[in-house]
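Undergrad: Quick one: this structure, given as structure tokens, is what I'll be asking you about.
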Amino acid sequence: MNYRDDLLKVKYVPLLKLDLQFFGDGEGGEKTEEPTQKKLTDARKEGQVAKSQELNNAISLIAVFLLLRIIGFYTGTRFMELFNWVYSGIPEHIYLTGGKISVRDFCNYINRCALQMLLILLPILLVGFAISVIVNLVQVKWAPTTKPLQPKFNKLSPLSGVKRLFSMEKLFELLKAFVKILVIGYMAFITLRDKIGMIMLLEQFSLKEGVGLVLDTVLDMGLRISILYLVVGIADYAYRRWKFHKDMMMTKQEVKDEYKNSEGDPQIKGKIRQKMREVSQRRMMAAIPQADVVITNPTHFAVALRYDVTIAAAPIVVAKGTDFLAQKIKEVARENDVEIVENKPLARMIYHNVELGDIIPPELYQAVAEVLALVYNHREEREGKRPQSG
């Protein structure tokens, strides 16, 4: 009996505490909402865009190899001339200097060779650069930013490094590298297999023929690899766009928070609008005593008009409202001896077509003039019945 009582007194401590809010749709909820324009703009400012460097490289390689196919003979001839100049100039220079070549002369010689090679390769380099820029612009448009160049110290964390090492991104990069190796190896094998016979006889060719054969083999291999590499680039670009869209997806709470930050709290905005309506109604009620007439529906609509030729050429709507507000307008009008006239179609027409503070449109001149004439007649009759003083 004592043991049972002791067991009942033992306090139960759960080994695992579950926070049910974790399963709610909060900041840690599932990303089910499409990214907003603000989030996409902010990501673009940070340099986060859907861009494939593989597609850029593939198109640039195709352009360069096609250009080499067009101007390959000219480029090869220029290199042959440079080769002849180098190897014919060295013995001549040695002979003229008595076998003594200074470091300065050697450096000048190397600089001239490098400059000539740069001039020969310049068209190819310019085309490659231009194609690279154009492909980048097509992918991400023009939006330069220096944010990706800024150091991010959180990437120095060993834990973050381990996470990135075993991420889906690294797995895709590994698969892509494996595919590129297969592409390059397969195309190199096919090209060399087709021309292996002529390559084995290369020593029997003249220098010009040998250079032409090597150049033709390299260009053929390069074009084949580049075209197949383009398929890899397109697949990489499709994956980048899909992953970027997936990363930009938002939870419902993120959408709400962004709306609050950009547009303001809906409750606060509602209170502000309510205050503005109250101020507008007070100003409107203060203008009713100066009105000439209030046209009613008679229960649902009320419109107060003021006609003063010194202010406007036509009557102005100084107050209007429906239901409860219409009753308030009529109540203020009675308190200030403003004439109230019942005209259902005219009251509706003015309420729905004329804004507060605007003059009535010309098509309503005749109807409003009749109402004002009636009001002025009643006013004259009342004033004529008043007893004359003294």
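If you're wondering about the labels, chains in the structure tokens are A, B, ... by order shown, residues count from 1 in each chain, ligands from 1 in order shown.
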Looking only at the backbone, which of the residues in stretch 160-306 of chain A does DSSP tag as strand (DSSP E), as a VMD selection string?

TA: chain A and resid 293 to 296 301 to 306

Undergrad: In stretch 200-323 of chain A, what's alpha helix (DSSP H) per DSSP? Answer as number ranges by chain?

TA: A: 200, 207-248, 252-263, 266-287, 323

Undergrad: Determine, counting only C-alpha atoms, which protein, DNA and RNA residues have an atom within 7 Å of an atom of stretch 295-307 of chain A; residues of the same chain fewer than 3 positions away are not included. Present the result as a PyMOL selection string.

TA: chain A and resi 288+290-292+314-323+326+329+340-344+347-348+351

Undergrad: Take the residues that were just selected and, keeping N, CA and C atoms, output them as a compact mmCIF listing (two decimals), in the first residue's frame.

TA:
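Dumped everything to result.txt:
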```txt
# COMPACT_ATOMS: atom_id res chain seq x y z
N ILE A 288 -24.01 72.38 -44.79
CA ILE A 288 -25.44 72.28 -45.10
C ILE A 288 -26.19 73.57 -44.80
N GLN A 290 -25.44 76.53 -45.39
CA GLN A 290 -25.29 77.46 -46.50
C GLN A 290 -25.94 76.95 -47.78
N ALA A 291 -26.54 75.73 -47.74
CA ALA A 291 -27.16 75.16 -48.93
C ALA A 291 -28.48 75.87 -49.24
N ASP A 292 -28.88 75.82 -50.50
CA ASP A 292 -30.16 76.40 -50.92
C ASP A 292 -31.29 75.39 -50.86
N ALA A 314 -22.69 77.08 -61.77
CA ALA A 314 -23.79 76.12 -61.61
C ALA A 314 -23.84 75.69 -60.15
N PRO A 315 -24.96 75.13 -59.71
CA PRO A 315 -25.06 74.66 -58.32
C PRO A 315 -24.00 73.62 -57.97
N ILE A 316 -23.55 73.65 -56.74
CA ILE A 316 -22.51 72.74 -56.24
C ILE A 316 -23.11 71.77 -55.25
N VAL A 317 -22.67 70.52 -55.29
CA VAL A 317 -23.09 69.52 -54.31
C VAL A 317 -22.23 69.71 -53.06
N VAL A 318 -22.84 70.17 -51.98
CA VAL A 318 -22.09 70.41 -50.74
C VAL A 318 -22.26 69.28 -49.74
N ALA A 319 -23.26 68.40 -49.96
CA ALA A 319 -23.45 67.26 -49.06
C ALA A 319 -24.30 66.22 -49.78
N LYS A 320 -24.01 64.95 -49.49
CA LYS A 320 -24.86 63.88 -50.02
C LYS A 320 -24.66 62.64 -49.16
N GLY A 321 -25.68 61.80 -49.11
CA GLY A 321 -25.60 60.60 -48.29
C GLY A 321 -26.80 59.70 -48.51
N THR A 322 -26.70 58.49 -47.97
CA THR A 322 -27.80 57.53 -48.06
C THR A 322 -28.18 57.06 -46.66
N ASP A 323 -29.43 56.60 -46.58
CA ASP A 323 -29.95 55.98 -45.35
C ASP A 323 -29.72 56.88 -44.12
N ALA A 326 -28.39 60.25 -44.84
CA ALA A 326 -29.41 61.07 -45.50
C ALA A 326 -30.36 61.67 -44.47
N ILE A 329 -28.61 64.57 -42.82
CA ILE A 329 -28.58 65.75 -43.68
C ILE A 329 -29.91 66.49 -43.62
N ILE A 340 -36.36 71.52 -48.12
CA ILE A 340 -36.22 70.11 -48.48
C ILE A 340 -37.26 69.79 -49.54
N VAL A 341 -36.80 69.30 -50.70
CA VAL A 341 -37.69 69.01 -51.84
C VAL A 341 -37.55 67.53 -52.19
N GLU A 342 -38.68 66.86 -52.34
CA GLU A 342 -38.67 65.45 -52.71
C GLU A 342 -38.69 65.31 -54.22
N ASN A 343 -37.65 64.66 -54.77
CA ASN A 343 -37.57 64.37 -56.20
C ASN A 343 -36.72 63.12 -56.36
N LYS A 344 -37.38 61.97 -56.42
CA LYS A 344 -36.68 60.69 -56.38
C LYS A 344 -35.67 60.51 -57.52
N ALA A 347 -32.70 63.05 -57.19
CA ALA A 347 -31.82 62.75 -56.05
C ALA A 347 -30.88 61.59 -56.37
N ARG A 348 -31.43 60.54 -56.98
CA ARG A 348 -30.59 59.39 -57.36
C ARG A 348 -29.55 59.78 -58.41
N TYR A 351 -26.78 61.91 -56.84
CA TYR A 351 -25.97 61.14 -55.90
C TYR A 351 -24.98 60.22 -56.63
```

Undergrad: Taking 4 positions as the minimum chain separation for residues in the same chain, which residues sit within 9 Å of A:Val255 when counting only C-alpha atoms? Answer as a PyMOL selection string.

TA: chain A and resi 33+35-36+250-251+259-260

Undergrad: How would the residues just chosen look if you wrote them out with N, CA and C atoms as a CSV table (one decimal), in the first residue's frame?

TA:
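Written output follows (again_13.csv):
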```
chain,number,residue,atom,x,y,z
A,33,GLU,N,2.6,29.7,-51.3
A,33,GLU,CA,2.1,31.0,-52.0
A,33,GLU,C,3.2,31.4,-53.1
A,35,PRO,N,5.5,33.8,-55.2
A,35,PRO,CA,6.3,34.9,-54.7
A,35,PRO,C,5.7,36.3,-55.2
A,36,THR,N,5.8,37.2,-54.3
A,36,THR,CA,5.3,38.6,-54.7
A,36,THR,C,6.3,39.3,-55.5
A,250,MET,N,6.6,31.5,-50.9
A,250,MET,CA,6.4,32.1,-49.6
A,250,MET,C,5.3,31.4,-48.8
A,251,THR,N,5.4,31.4,-47.5
A,251,THR,CA,4.3,31.0,-46.6
A,251,THR,C,3.3,32.0,-46.6
A,259,TYR,N,2.8,42.3,-46.6
A,259,TYR,CA,1.7,43.2,-46.9
A,259,TYR,C,1.7,44.3,-45.8
A,260,LYS,N,1.9,43.8,-44.5
A,260,LYS,CA,1.8,44.8,-43.4
A,260,LYS,C,3.0,45.8,-43.5
```

Undergrad: For the atom pair atom CA of A:Lys39 and atom CA of A:Met168, what is the interatomic distance in Å to one decimal place?

TA: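 Separation between atom CA of A:Lys39 and atom CA of A:Met168: 23.1 Å.
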
Undergrad: Given only C-alpha atoms as the basis, pick out the residue of A:Asp194, A:Glu30, A:Glu339, A:Glu254 nearest to A:Tyr376.

TA: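 Using only C-alpha atoms, the shortest distance to A:Tyr376 belongs to A:Glu339.
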
Undergrad: Do you know which residues are at most 12 Å from A:Phe129 counting only C-alpha atoms, after dropping those on the same chain fewer than 2 positions away, and could you put them as a PyMOL selection string?

TA: chain A and resi 56-57+59-61+63-64+122-127+131-136
